[in-house]
Amino acid sequence: MAEQKRDYYEVLGVSKDASDDEIRRAYLKLAKQYHPDVNKSPDAPAKFKEVTEAYEVLKDKQKRAAYDQFGFAGVDPNAAAGQGGFNQGGFGGFGDFDDIFSQFFGGGARGSSSRRSSGPVKGNDQVLRIRISFMDAIKGTKVEIPVEYDETCSHCNGTGAEPGSGEETCPYCHGTGTARTQQRTIFGVVEQRTTCSHCGGTGRIVKDKCHECNGSGYEHVKSKITVNIPAGIADGEQIRVQGKGLHGYNGGPSGDLYIVVAVQNDNQFTREGQDIHVTVSISVLDLILGTTITVPTVYGQCDAEIKPGTPTDTILRLRGQGVKSRSAYGSDGDEYIHLKVEMPKKLNAEEREALEKVKSIESNKSKGLFDRMKGIFRG
């Protein structure tokens, strides 16, 4: 059985509302404590990877938001691929944790080469939360949402170069994509490996930058998009909008936008799965004598039959009046009517006289009307 992951906040020893600075200080302290170049205990490498994984998520606002809402599934690239989750870039199996460590200690004296890909890389996804009304979730709607996303530059098609201009090997890193320096630290002289600032780690630079995007290969767009909210969507479900995420690298496509839908409560109806529940007031005489009442549904008014002698705890069922199935193979939900009996607080003279007359008539029977009323309330 795989070992259960610890909560990232617990790993770093910080609260869930910790500031970015508190998270960074906690990581630095633990990273110094468990770095394999300093700590020779057998469990030090595993501890170091654990705190680094936690920090890589919590230092990034986008990943942290996804983790806070969806847990490990929100930041696990495997979960994203197999379950429609969020692709947050992952950790690459921690093969590059020396590079992570070098950001804070100038560390990583293991001499492994950079693994930055020079091929197209898809951009990270974005997460946006919206709130819709209960009835819009039942019936479906369209919403207009302001968004910001990165779009491939139409002039250079994402290459960052003017059309017709080629690329050449970066003269600063000689095609390796990394810059190497040495630095004195509390651990001694260690080698620092950082991404080449001139080529961005690709090992290639363009001869003539695109004048539209200044060589970035993408354009930042602020606009509004119209999103179709399907009928029957539930609270917490997500809608994927392709290509409206962060920009890709080396000509790679942009990530996607995931819209998480929050559904407001309704004053009259409640939802459980595909079923709808509603409470309807009724008089005790209607339960005794029977009647037909008009009840609300999420699709309009509907008649429901009350049989004579119906107990007060009866729940009526209207088939097919719940949430419509979004699948061709699924079934529609039902509506359940919970009866709330209202007893008359005051009786006028005519009403009292009528009831007294009924009581008098029934008093000679083995089981009169009022006894049957008691039976109704006993259910």
# chains A, B, ... in the order shown; residues from 1 in each chain; ligands from 1

call {"tool": "residues_around", "arguments": {"residues": "A:Leu285", "least_positions_apart": "3", "cutoff": "10 Å", "atoms": "only C-alpha atoms", "output": "number ranges by chain"}}
result
A: 282, 288-291, 308-309, 341-343, 373

call {"tool": "closest_residue", "arguments": {"among": "A:Leu287, A:Val323, A:Ile138, A:Ile130", "to": "A:Lys307", "atoms": "only C-alpha atoms"}}
result
A:Leu287

call {"tool": "select_by_dssp", "arguments": {"residues": "stretch 170-309 of chain A", "states": "alpha helix (DSSP H)", "output": "count of residues only"}}
result
6

call {"tool": "residues_around", "arguments": {"residues": "A:Gln264", "least_positions_apart": "5", "cutoff": "10 Å", "atoms": "only C-alpha atoms", "output": "NGL selection string"}}
result
:A and (131-137 or 235)

call {"tool": "write_last_selection", "arguments": {"atoms": "C-alpha atoms", "output": "PDB file, in the first residue's frame"}}
result
ATOM      1  CA  ARG A 131     -21.476  31.685  -8.766  1.00  0.00           C
ATOM      2  CA  ILE A 132     -24.848  31.054 -10.421  1.00  0.00           C
ATOM      3  CA  SER A 133     -28.422  30.850  -9.132  1.00  0.00           C
ATOM      4  CA  PHE A 134     -30.150  27.600  -8.203  1.00  0.00           C
ATOM      5  CA  MET A 135     -32.607  27.818 -11.100  1.00  0.00           C
ATOM      6  CA  ASP A 136     -29.868  28.624 -13.637  1.00  0.00           C
ATOM      7  CA  ALA A 137     -28.111  25.444 -12.546  1.00  0.00           C
ATOM      8  CA  ASP A 235     -22.316  22.669  -7.188  1.00  0.00           C
TER       9      ASP A 235
END

call {"tool": "closest_residue", "arguments": {"among": "A:Cys302, A:Leu246, A:Val75, A:Ile361", "to": "A:Gly123", "atoms": "only C-alpha atoms"}}
result
A:Leu246

call {"tool": "closest_residue", "arguments": {"among": "A:Gln69, A:Gln33, A:Thr297, A:Asn39", "to": "A:Gly236", "atoms": "only C-alpha atoms"}}
result
A:Gln69

call {"tool": "atom_distance", "arguments": {"atom1": "atom CA of A:Gln274", "atom2": "atom CA of A:Gly322"}}
result
6.1 Å
